[in-house]
Amino acid sequence: MIRFSKSLTERTVNWRLARLFSSAMVVASASALLPLSVHAQMSMPAATPAAPPVQDQDAPVNVSAEQMTGRPDRQVNLDRDVELVKGATTVKSDKAEYRIIQDEVEATGHVWMQRLQDQYTGDHAEMNMGTGAGYVTSPTYLLGKNGGRGKAERIDFLSDDQAKVIQGTYSTCEAPDPDWYLRANTMDLDSGRDVGTMHDGLLYFKDVPILGSPWMSFPLSGERKSGVLPPTIGMTSTGGVELSVPYYFNLAPNYDLTLAPKYIARRGLQLGAETRYMGDSYSGTTTVEGIQDRVTGTGRYSLSSNHTQSLAPGLMLKWNLNKASDNDYPADFSHSVVSSTQRLLPREVSLSYSSTYWSVTGLVSKYQLLQDVNAPIGKPYDRVPQITFNGNRYDVGGFDFSTVADFTRFSSGDLVGGDRAYITQTVSYPIIRPGYFFTPKVILDATSYNLNNVSAGQPTNLTRTLPTLSLDSGLIFERDSNLLGRNMTQTLEPRLFYVRTPYRDQSQYPVFDSGLADFNFAQIFTENRFSGHDRISDANQLTAAVTSRLIEENGLERLRAAIGQRYYFADPKVGISGTTTTTLGSKSDLLLALGGQFTQQFSTDNTVQYSETLRQMVRSTFGIRWQPAPKRVLNLQYRLDRTYINPYTGLLDPLKQVDVSGQWPITQRIYAVGRVNYSLPDRTVAEGLAGFEYKADCWVFRVVAQRIPTSSTKASTGFFIQLELNGLSKIGSNPMDAIKSSVPGYQNVNLPDTMPGNNF
């Protein structure tokens with residue numbers, strides 16, 4: 001085989017990557033003295049794979065060669081083109097001697113062996129064809145389950161599925177000169193248990209040793225197994241250098257435990273643990289971590305537990321429990337953008353029962369508020385408890401019936417609290433035909449309050465009964481059309497939605513869970529402009545909208561355009577203190593939308609909320625995505641929100657942001673990833689990510705930096721360095737969650753090329 005040398009540029013990049021990662025691993029030198037499991041799978045059990053072939057010790061031995069001599073009842077000497085086959089074992093060589101009574105073969109010259117799924121070559125070999133015991137000298141080997149391969153001075157076969165490699169190497173790289181490999185004095189390969197064990201070994205990358213251990217285990221397939229995981233190295237602006245050496249316990253096929261001690265340079269040693277479990281009727285995850293923080297001089301911790309369990313047919317138990325030691329814990333020890341900015345930690349336990357036509361749920365819900373002193377927020381009410389009944393029957397003589405009943409006890413310290421109970425009955429008669437639909441609906445809501453902690457002179461008992469009538473109708477027209485030379489179906493879909501609800505004064509009613517609903521195309525076709533149940537809007541209004549779509553024969557929506565507006569025959573009077581609206585006349589803001597996947601490479605999604613009263617856009621989002629090929633994507637988005645309330649002043653403060661993200665190959669092997677979320681009024685980068693990935697034949701190297709907000713005035717910058725060795729392990733800190741959440745349309749460079757749908 002002729003093998004061309006790599007270009008000078010690529011060789012230089014590879015050498016520098018090896019030196020860079022070798023330097024980074026110096027930080028983890030202490031972990032090199034530990035027994036190491038370089039690849040413990042963290043996914044829960046999957047479907048059982050097909051059983052591998054097994055050796056039949058009673059199978060006959062088939063022998064072939066150009067020349068055979070000897071005694072057929074004792075010993076046969078074989079010469080030229082020798083082949084011996086017994087069950088799943090095959091031996092080929094230039095010469096061989098088969099001892100019939102012992103069922104042993106001794107082969108020399110260009111030895112090639114197949115044992116179950118594994119292949120070996122060598123100069124000289126001896127093997128018992130029945131038990132599989134034997135040896136081969138100067139061998140190379142290829143494992144069938146995972147493509148692992150290597151060479152050695154000698155391999156001793158202990159049985160059909162066990163072998164000892166002496167002074168050997170192991171790699172999953174297909175090249176004769178692998179970029180990474182394990183080298184050890186001895187390696188035990190147990191294909192029956194899918195485990196390889198290395199003694200006194202080193203992991204080499206680009207011929208540079210980066211990790212060593214007196215004992216190291218690695219998988220021969222994708223099965224989970226216990227062991228020390230590779231060290232995770234990272235850096236943040238709040239904690240400095242971080243080093244974690246987790247230990248994974250594969251306790252059983254359906255539950256496991258990971259212990260994760262982490263040394264944070266500025267703060268000290270953080271201890272963490274995560275356990276996961278799964279059964280036929282239950283599953284859950286519990287995570288706990290704690291640290292004696294050198295910066296604050298206090299003990300700090302966090303706890304999270306999620307559980308789902310089916311107690312009986314239709315009976316479901318769930319809980320979601322979270323706790324942090326202090327307000328700043330998620331910001332100081334953030335693992336993602338979501339966790340770093342999380343300020344409400346839910347603590348919920350629910351028990352629900354579902355039948356064919358109805359369900360009932362009991363819920364106890366509380367929150368821990370992590371307050372930001374620069375931007376304080378109010379704590380939601382605790383629900384102790386909430387009991388909800390839902391019942392639905394459809395197409396009963398053409399009618400649809402729905403019943404919702406709810407009792408909730410709201411509590412929030414010294415604030416107004418109490419009990420709220422309501423029942424909402426809905427009856428509709430949908431008429432759906434080809435080309436049109438018409439749905440009249442009647443809703444009757446009855447609500448009562450029993451309040452406490454009210455101000456002097458304020459009522460403690462309140463009741464409200466409100467009927468609502470709505471009429472929803474629409475037409476659907478279709479015609480043949482084309483776009484960019486492709487046959488399409490074009491639709492025109494006008495829709496009218498009328499709502500009538502009488503006015504009831506609700507100014508003395510508390511606000512436990514209500515707010516002004518987000519104004520969008522989904523909301524304008526609902527009866528109530530408030531979320532929650534403390535406010536029911538009076539309404540005498542008509543919503544008119546028109547949608548047009550271009551649809552291919554396979555159902556793919558190439559273009560979608562819509563316009564809609566709500567018209568008020570009477571001004572709404574019901575409101576909530578502290579909410580704002582840009583509607584000051586007889587009609588609402590105008591909603592416009594334009595989007596679709598114009599071509600396989602280009603898509604766009606744009607929405608506008610325009611105030612005709614103020615003659616300006618209130619909120620808008622303009623986004624485009626260009627994805628010309630796999631692992632190539634560019635996203636551009638502009639967001640405007642004039643209803644944003646500044647937490648410092650309490651006044652309207654327009655939010656204007658430009659968001660640019662993408663993944664793009666710089667060379668054949670180097671990919672750049674990045675994202676910038678830029679605030680135009682503040683002239684600052686709100687969030688950012690930048691990095692690159694180097695894709696080789698059997699490994700990927702990633703370097704990523706990410707800036708995430710941790711409070712209204714603080715941000716944290718984290719650094720990720722990861723070396724992914726295909727089929728072995730991922731060494732370093734994992735940036736994949738950060739990349740995927742920051743770059744829509746991102747594709748893992750280590751996976752086969754695919755062309756995903758371009759959905760915003």
# chains A, B, ... in the order shown; residues from 1 in each chain; ligands from 1

call {"tool": "residues_around", "arguments": {"residues": "Asn677 of chain A", "least_positions_apart": "3", "cutoff": "9 Å", "atoms": "only C-alpha atoms", "output": "PyMOL selection string"}}
result
chain A and resi 657-661+684-688

call {"tool": "residues_around", "arguments": {"residues": "Thr424 of chain A", "least_positions_apart": "3", "cutoff": "8 Å", "atoms": "only C-alpha atoms", "output": "number ranges by chain"}}
result
A: 403-405, 443-446

call {"tool": "residues_around", "arguments": {"residues": "Ile524 of chain A", "least_positions_apart": "2", "cutoff": "10 Å", "atoms": "only C-alpha atoms", "output": "MDAnalysis selection string"}}
result
chainID A and resid 497 517:522 526:529 542:545 564:566 588 591

call {"tool": "write_last_selection", "arguments": {"atoms": "C-alpha atoms", "output": "PDB file, in the first residue's frame"}}
result
ATOM      1  CA  PHE A 497     -63.019  34.666  15.769  1.00  0.00           C
ATOM      2  CA  ALA A 517     -50.758  36.900  28.152  1.00  0.00           C
ATOM      3  CA  ASP A 518     -48.139  37.216  25.452  1.00  0.00           C
ATOM      4  CA  PHE A 519     -49.696  38.798  22.356  1.00  0.00           C
ATOM      5  CA  ASN A 520     -49.157  36.513  19.364  1.00  0.00           C
ATOM      6  CA  PHE A 521     -51.029  34.546  16.718  1.00  0.00           C
ATOM      7  CA  ALA A 522     -51.937  31.796  19.161  1.00  0.00           C
ATOM      8  CA  THR A 526     -58.301  32.568  22.713  1.00  0.00           C
ATOM      9  CA  GLU A 527     -61.184  33.866  24.796  1.00  0.00           C
ATOM     10  CA  ASN A 528     -59.170  35.434  27.643  1.00  0.00           C
ATOM     11  CA  ARG A 529     -56.280  37.874  27.199  1.00  0.00           C
ATOM     12  CA  LEU A 542     -63.574  40.187  16.641  1.00  0.00           C
ATOM     13  CA  THR A 543     -60.261  38.759  15.510  1.00  0.00           C
ATOM     14  CA  ALA A 544     -59.618  38.669  11.764  1.00  0.00           C
ATOM     15  CA  ALA A 545     -56.656  36.928  10.201  1.00  0.00           C
ATOM     16  CA  GLY A 564     -54.046  39.280  11.956  1.00  0.00           C
ATOM     17  CA  GLN A 565     -55.663  41.892  14.166  1.00  0.00           C
ATOM     18  CA  ARG A 566     -58.222  42.087  16.927  1.00  0.00           C
ATOM     19  CA  SER A 588     -55.157  45.815  18.751  1.00  0.00           C
ATOM     20  CA  LEU A 591     -49.518  40.974  13.818  1.00  0.00           C
TER      21      LEU A 591
END

call {"tool": "atom_distance", "arguments": {"atom1": "atom CA of Val608 of chain A", "atom2": "atom CA of Arg560 of chain A"}}
result
14.0 Å

call {"tool": "residues_around", "arguments": {"residues": "Lys323 of chain A", "least_positions_apart": "6", "cutoff": "9 Å", "atoms": "only C-alpha atoms", "output": "mmCIF file with all heavy atoms, in the first residue's frame"}}
result
data_model
loop_
_atom_site.group_PDB
_atom_site.id
_atom_site.type_symbol
_atom_site.label_atom_id
_atom_site.label_comp_id
_atom_site.auth_asym_id
_atom_site.auth_seq_id
_atom_site.Cartn_x
_atom_site.Cartn_y
_atom_site.Cartn_z
ATOM 1 N N TYR A 301 -23.909 24.482 48.984
ATOM 2 C CA TYR A 301 -24.353 23.206 48.428
ATOM 3 C C TYR A 301 -25.557 23.435 47.513
ATOM 4 O O TYR A 301 -26.186 24.503 47.509
ATOM 5 C CB TYR A 301 -24.741 22.236 49.545
ATOM 6 C CG TYR A 301 -25.910 22.717 50.379
ATOM 7 C CD1 TYR A 301 -27.226 22.394 50.035
ATOM 8 C CD2 TYR A 301 -25.696 23.512 51.511
ATOM 9 C CE1 TYR A 301 -28.281 22.851 50.790
ATOM 10 C CE2 TYR A 301 -26.756 23.970 52.270
ATOM 11 C CZ TYR A 301 -28.046 23.632 51.908
ATOM 12 O OH TYR A 301 -29.101 24.086 52.650
ATOM 13 N N SER A 302 -25.885 22.398 46.757
ATOM 14 C CA SER A 302 -27.120 22.374 45.971
ATOM 15 C C SER A 302 -27.623 20.940 45.909
ATOM 16 O O SER A 302 -26.852 19.982 46.023
ATOM 17 C CB SER A 302 -26.900 22.914 44.557
ATOM 18 O OG SER A 302 -26.141 22.002 43.782
ATOM 19 N N LEU A 303 -28.938 20.798 45.721
ATOM 20 C CA LEU A 303 -29.587 19.496 45.669
ATOM 21 C C LEU A 303 -30.685 19.536 44.627
ATOM 22 O O LEU A 303 -31.426 20.519 44.515
ATOM 23 C CB LEU A 303 -30.179 19.144 47.042
ATOM 24 C CG LEU A 303 -31.109 17.922 47.104
ATOM 25 C CD1 LEU A 303 -30.317 16.647 46.856
ATOM 26 C CD2 LEU A 303 -31.820 17.862 48.453
ATOM 27 N N SER A 304 -30.782 18.462 43.846
ATOM 28 C CA SER A 304 -31.836 18.357 42.844
ATOM 29 C C SER A 304 -32.275 16.901 42.752
ATOM 30 O O SER A 304 -31.441 15.990 42.708
ATOM 31 C CB SER A 304 -31.347 18.844 41.476
ATOM 32 O OG SER A 304 -32.338 18.644 40.482
ATOM 33 N N LEU A 345 -36.184 28.149 42.220
ATOM 34 C CA LEU A 345 -35.962 26.711 42.303
ATOM 35 C C LEU A 345 -37.257 26.053 42.756
ATOM 36 O O LEU A 345 -37.705 26.246 43.891
ATOM 37 C CB LEU A 345 -34.840 26.399 43.295
ATOM 38 C CG LEU A 345 -33.479 27.027 42.998
ATOM 39 C CD1 LEU A 345 -32.454 26.563 44.027
ATOM 40 C CD2 LEU A 345 -33.008 26.690 41.587
ATOM 41 N N PRO A 346 -37.894 25.275 41.871
ATOM 42 C CA PRO A 346 -39.188 24.672 42.235
ATOM 43 C C PRO A 346 -39.026 23.490 43.169
ATOM 44 O O PRO A 346 -38.043 22.746 43.126
ATOM 45 C CB PRO A 346 -39.757 24.232 40.878
ATOM 46 C CG PRO A 346 -38.543 23.989 40.034
ATOM 47 C CD PRO A 346 -37.513 24.980 40.485
ATOM 48 N N ARG A 347 -40.028 23.312 44.019
ATOM 49 C CA ARG A 347 -40.153 22.136 44.877
ATOM 50 C C ARG A 347 -41.595 21.666 44.750
ATOM 51 O O ARG A 347 -42.498 22.251 45.346
ATOM 52 C CB ARG A 347 -39.812 22.473 46.325
ATOM 53 C CG ARG A 347 -38.401 23.045 46.507
ATOM 54 C CD ARG A 347 -38.196 23.556 47.905
ATOM 55 N NE ARG A 347 -36.918 24.240 48.029
ATOM 56 C CZ ARG A 347 -36.522 24.905 49.121
ATOM 57 N NH1 ARG A 347 -37.327 24.951 50.185
ATOM 58 N NH2 ARG A 347 -35.350 25.518 49.152
ATOM 59 N N GLN A 368 -37.978 28.216 46.020
ATOM 60 C CA GLN A 368 -36.905 28.941 46.689
ATOM 61 C C GLN A 368 -36.495 30.074 45.771
ATOM 62 O O GLN A 368 -36.129 29.860 44.612
ATOM 63 C CB GLN A 368 -35.701 28.054 46.978
ATOM 64 C CG GLN A 368 -34.562 28.817 47.670
ATOM 65 C CD GLN A 368 -33.324 27.968 47.878
ATOM 66 O OE1 GLN A 368 -33.271 26.800 47.480
ATOM 67 N NE2 GLN A 368 -32.296 28.546 48.489
#

call {"tool": "residues_around", "arguments": {"residues": "segment 174-185 of chain A", "least_positions_apart": "3", "cutoff": "6 Å", "atoms": "only C-alpha atoms", "output": "ChimeraX atom specification"}}
result
/A:166-171,199-206

call {"tool": "write_last_selection", "arguments": {"atoms": "N, CA and C atoms", "output": "PDB file, in the first residue's frame"}}
result
ATOM      1  N   ILE A 166       0.668  -9.204  25.418  1.00  0.00           N
ATOM      2  CA  ILE A 166       1.939  -8.930  26.097  1.00  0.00           C
ATOM      3  C   ILE A 166       2.725  -7.923  25.278  1.00  0.00           C
ATOM      4  N   GLN A 167       3.144  -6.831  25.965  1.00  0.00           N
ATOM      5  CA  GLN A 167       3.881  -5.742  25.315  1.00  0.00           C
ATOM      6  C   GLN A 167       3.163  -5.324  24.028  1.00  0.00           C
ATOM      7  N   GLY A 168       1.911  -4.863  24.220  1.00  0.00           N
ATOM      8  CA  GLY A 168       1.084  -4.579  23.055  1.00  0.00           C
ATOM      9  C   GLY A 168       0.502  -3.182  23.058  1.00  0.00           C
ATOM     10  N   THR A 169      -0.213  -2.890  21.983  1.00  0.00           N
ATOM     11  CA  THR A 169      -0.886  -1.605  21.810  1.00  0.00           C
ATOM     12  C   THR A 169      -2.363  -1.852  21.523  1.00  0.00           C
ATOM     13  N   TYR A 170      -3.161  -0.790  21.690  1.00  0.00           N
ATOM     14  CA  TYR A 170      -4.584  -0.852  21.389  1.00  0.00           C
ATOM     15  C   TYR A 170      -5.021   0.503  20.867  1.00  0.00           C
ATOM     16  N   SER A 171      -5.833   0.515  19.792  1.00  0.00           N
ATOM     17  CA  SER A 171      -6.370   1.748  19.231  1.00  0.00           C
ATOM     18  C   SER A 171      -7.595   1.403  18.410  1.00  0.00           C
ATOM     19  N   HIS A 199      -2.431  -2.976  32.101  1.00  0.00           N
ATOM     20  CA  HIS A 199      -1.569  -2.908  33.280  1.00  0.00           C
ATOM     21  C   HIS A 199      -0.284  -2.178  32.911  1.00  0.00           C
ATOM     22  N   ASP A 200       0.079  -1.189  33.768  1.00  0.00           N
ATOM     23  CA  ASP A 200       1.305  -0.399  33.555  1.00  0.00           C
ATOM     24  C   ASP A 200       1.316   0.168  32.134  1.00  0.00           C
ATOM     25  N   GLY A 201       0.321   1.015  31.856  1.00  0.00           N
ATOM     26  CA  GLY A 201       0.175   1.509  30.489  1.00  0.00           C
ATOM     27  C   GLY A 201       0.176   3.014  30.390  1.00  0.00           C
ATOM     28  N   LEU A 202       0.312   3.469  29.156  1.00  0.00           N
ATOM     29  CA  LEU A 202       0.286   4.884  28.819  1.00  0.00           C
ATOM     30  C   LEU A 202      -0.641   5.093  27.636  1.00  0.00           C
ATOM     31  N   LEU A 203      -1.327   6.236  27.636  1.00  0.00           N
ATOM     32  CA  LEU A 203      -2.115   6.656  26.487  1.00  0.00           C
ATOM     33  C   LEU A 203      -1.291   7.662  25.691  1.00  0.00           C
ATOM     34  N   TYR A 204      -1.037   7.355  24.430  1.00  0.00           N
ATOM     35  CA  TYR A 204      -0.246   8.215  23.562  1.00  0.00           C
ATOM     36  C   TYR A 204      -1.162   8.932  22.575  1.00  0.00           C
ATOM     37  N   PHE A 205      -0.888  10.208  22.359  1.00  0.00           N
ATOM     38  CA  PHE A 205      -1.561  10.990  21.331  1.00  0.00           C
ATOM     39  C   PHE A 205      -0.499  11.685  20.491  1.00  0.00           C
ATOM     40  N   LYS A 206      -0.470  11.360  19.187  1.00  0.00           N
ATOM     41  CA  LYS A 206       0.571  11.870  18.295  1.00  0.00           C
ATOM     42  C   LYS A 206       1.950  11.530  18.849  1.00  0.00           C
TER      43      LYS A 206
END

call {"tool": "residues_around", "arguments": {"residues": "Leu317 of chain A", "least_positions_apart": "4", "cutoff": "10 Å", "atoms": "only C-alpha atoms", "output": "MDAnalysis selection string"}}
result
chainID A and resid 282 307:312 349:353 361:362

call {"tool": "atom_distance", "arguments": {"atom1": "atom CA of Asp58 of chain A", "atom2": "atom CA of Ala88 of chain A"}}
result
11.8 Å

call {"tool": "atom_distance", "arguments": {"atom1": "atom CA of Met129 of chain A", "atom2": "atom CA of Asn146 of chain A"}}
result
24.7 Å

call {"tool": "closest_residue", "arguments": {"among": "A:Leu655, A:Leu492, A:Ile670, A:Ile423", "to": "Phe389 of chain A", "atoms": "only C-alpha atoms"}}
result
A:Ile423

call {"tool": "residues_around", "arguments": {"residues": "segment 108-123 of chain A", "least_positions_apart": "2", "cutoff": "9 Å", "atoms": "only C-alpha atoms", "output": "PyMOL selection string"}}
result
chain A and resi 52-55+87-97+106+125-126+132+136-145+154+160-161

call {"tool": "write_last_selection", "arguments": {"atoms": "C-alpha atoms", "output": "compact mmCIF listing (two decimals), in the first residue's frame"}}
result
# COMPACT_ATOMS: atom_id res chain seq x y z
CA PRO A 52 -22.62 -13.03 19.19
CA PRO A 53 -21.55 -16.38 17.73
CA VAL A 54 -20.34 -19.05 20.18
CA GLN A 55 -17.82 -21.83 19.76
CA GLY A 87 -17.21 -23.82 14.33
CA ALA A 88 -16.46 -20.11 14.71
CA THR A 89 -12.67 -20.63 14.68
CA THR A 90 -10.53 -20.55 11.53
CA VAL A 91 -6.73 -20.88 11.23
CA LYS A 92 -4.81 -20.21 8.00
CA SER A 93 -1.02 -20.43 7.50
CA ASP A 94 1.79 -21.58 5.21
CA LYS A 95 2.44 -24.71 7.28
CA ALA A 96 0.71 -26.42 10.15
CA GLU A 97 0.72 -29.52 12.28
CA GLU A 106 0.62 -25.52 15.50
CA ALA A 125 0.69 -19.90 16.67
CA GLU A 126 -0.51 -22.83 18.71
CA GLY A 132 -9.56 -21.95 22.33
CA VAL A 136 0.39 -16.34 18.71
CA THR A 137 3.74 -14.53 18.35
CA SER A 138 4.43 -11.12 16.75
CA PRO A 139 0.68 -10.65 16.27
CA THR A 140 -1.64 -7.98 15.05
CA TYR A 141 -5.30 -8.15 16.04
CA LEU A 142 -8.70 -6.69 15.10
CA LEU A 143 -11.69 -6.87 17.46
CA GLY A 144 -14.98 -7.33 15.66
CA LYS A 145 -17.29 -5.61 18.15
CA ARG A 154 2.73 -12.15 21.93
CA ASP A 160 -12.52 -18.61 23.36
CA ASP A 161 -13.31 -15.08 24.59

call {"tool": "select_by_dssp", "arguments": {"residues": "segment 308-386 of chain A", "states": "helix (DSSP H, G or I)", "output": "mmCIF file with C-alpha atoms, in the first residue's frame"}}
result
data_model
loop_
_atom_site.group_PDB
_atom_site.id
_atom_site.type_symbol
_atom_site.label_atom_id
_atom_site.label_comp_id
_atom_site.auth_asym_id
_atom_site.auth_seq_id
_atom_site.Cartn_x
_atom_site.Cartn_y
_atom_site.Cartn_z
ATOM 1 C CA TYR A 329 -24.720 29.398 44.165
ATOM 2 C CA PRO A 330 -25.985 28.833 40.585
ATOM 3 C CA ALA A 331 -24.042 31.860 39.382
ATOM 4 C CA ASP A 332 -20.778 30.859 41.062
ATOM 5 C CA VAL A 337 -26.741 29.328 30.760
ATOM 6 C CA VAL A 338 -30.062 28.055 32.116
ATOM 7 C CA SER A 339 -28.731 27.062 35.532
ATOM 8 C CA SER A 340 -26.616 30.183 35.933
ATOM 9 C CA THR A 341 -29.596 32.529 35.485
#

call {"tool": "closest_residue", "arguments": {"among": "A:Tyr746, A:Trp215, A:Trp699, A:Tyr568", "to": "Arg625 of chain A", "atoms": "only C-alpha atoms"}}
result
A:Tyr746

call {"tool": "select_by_dssp", "arguments": {"residues": "segment 60-213 of chain A", "states": "strand (DSSP E or B)", "output": "count of residues only"}}
result
106

call {"tool": "closest_residue", "arguments": {"among": "A:Val442, A:Ile387, A:Met736, A:Met198", "to": "Tyr422 of chain A", "atoms": "only C-alpha atoms"}}
result
A:Ile387
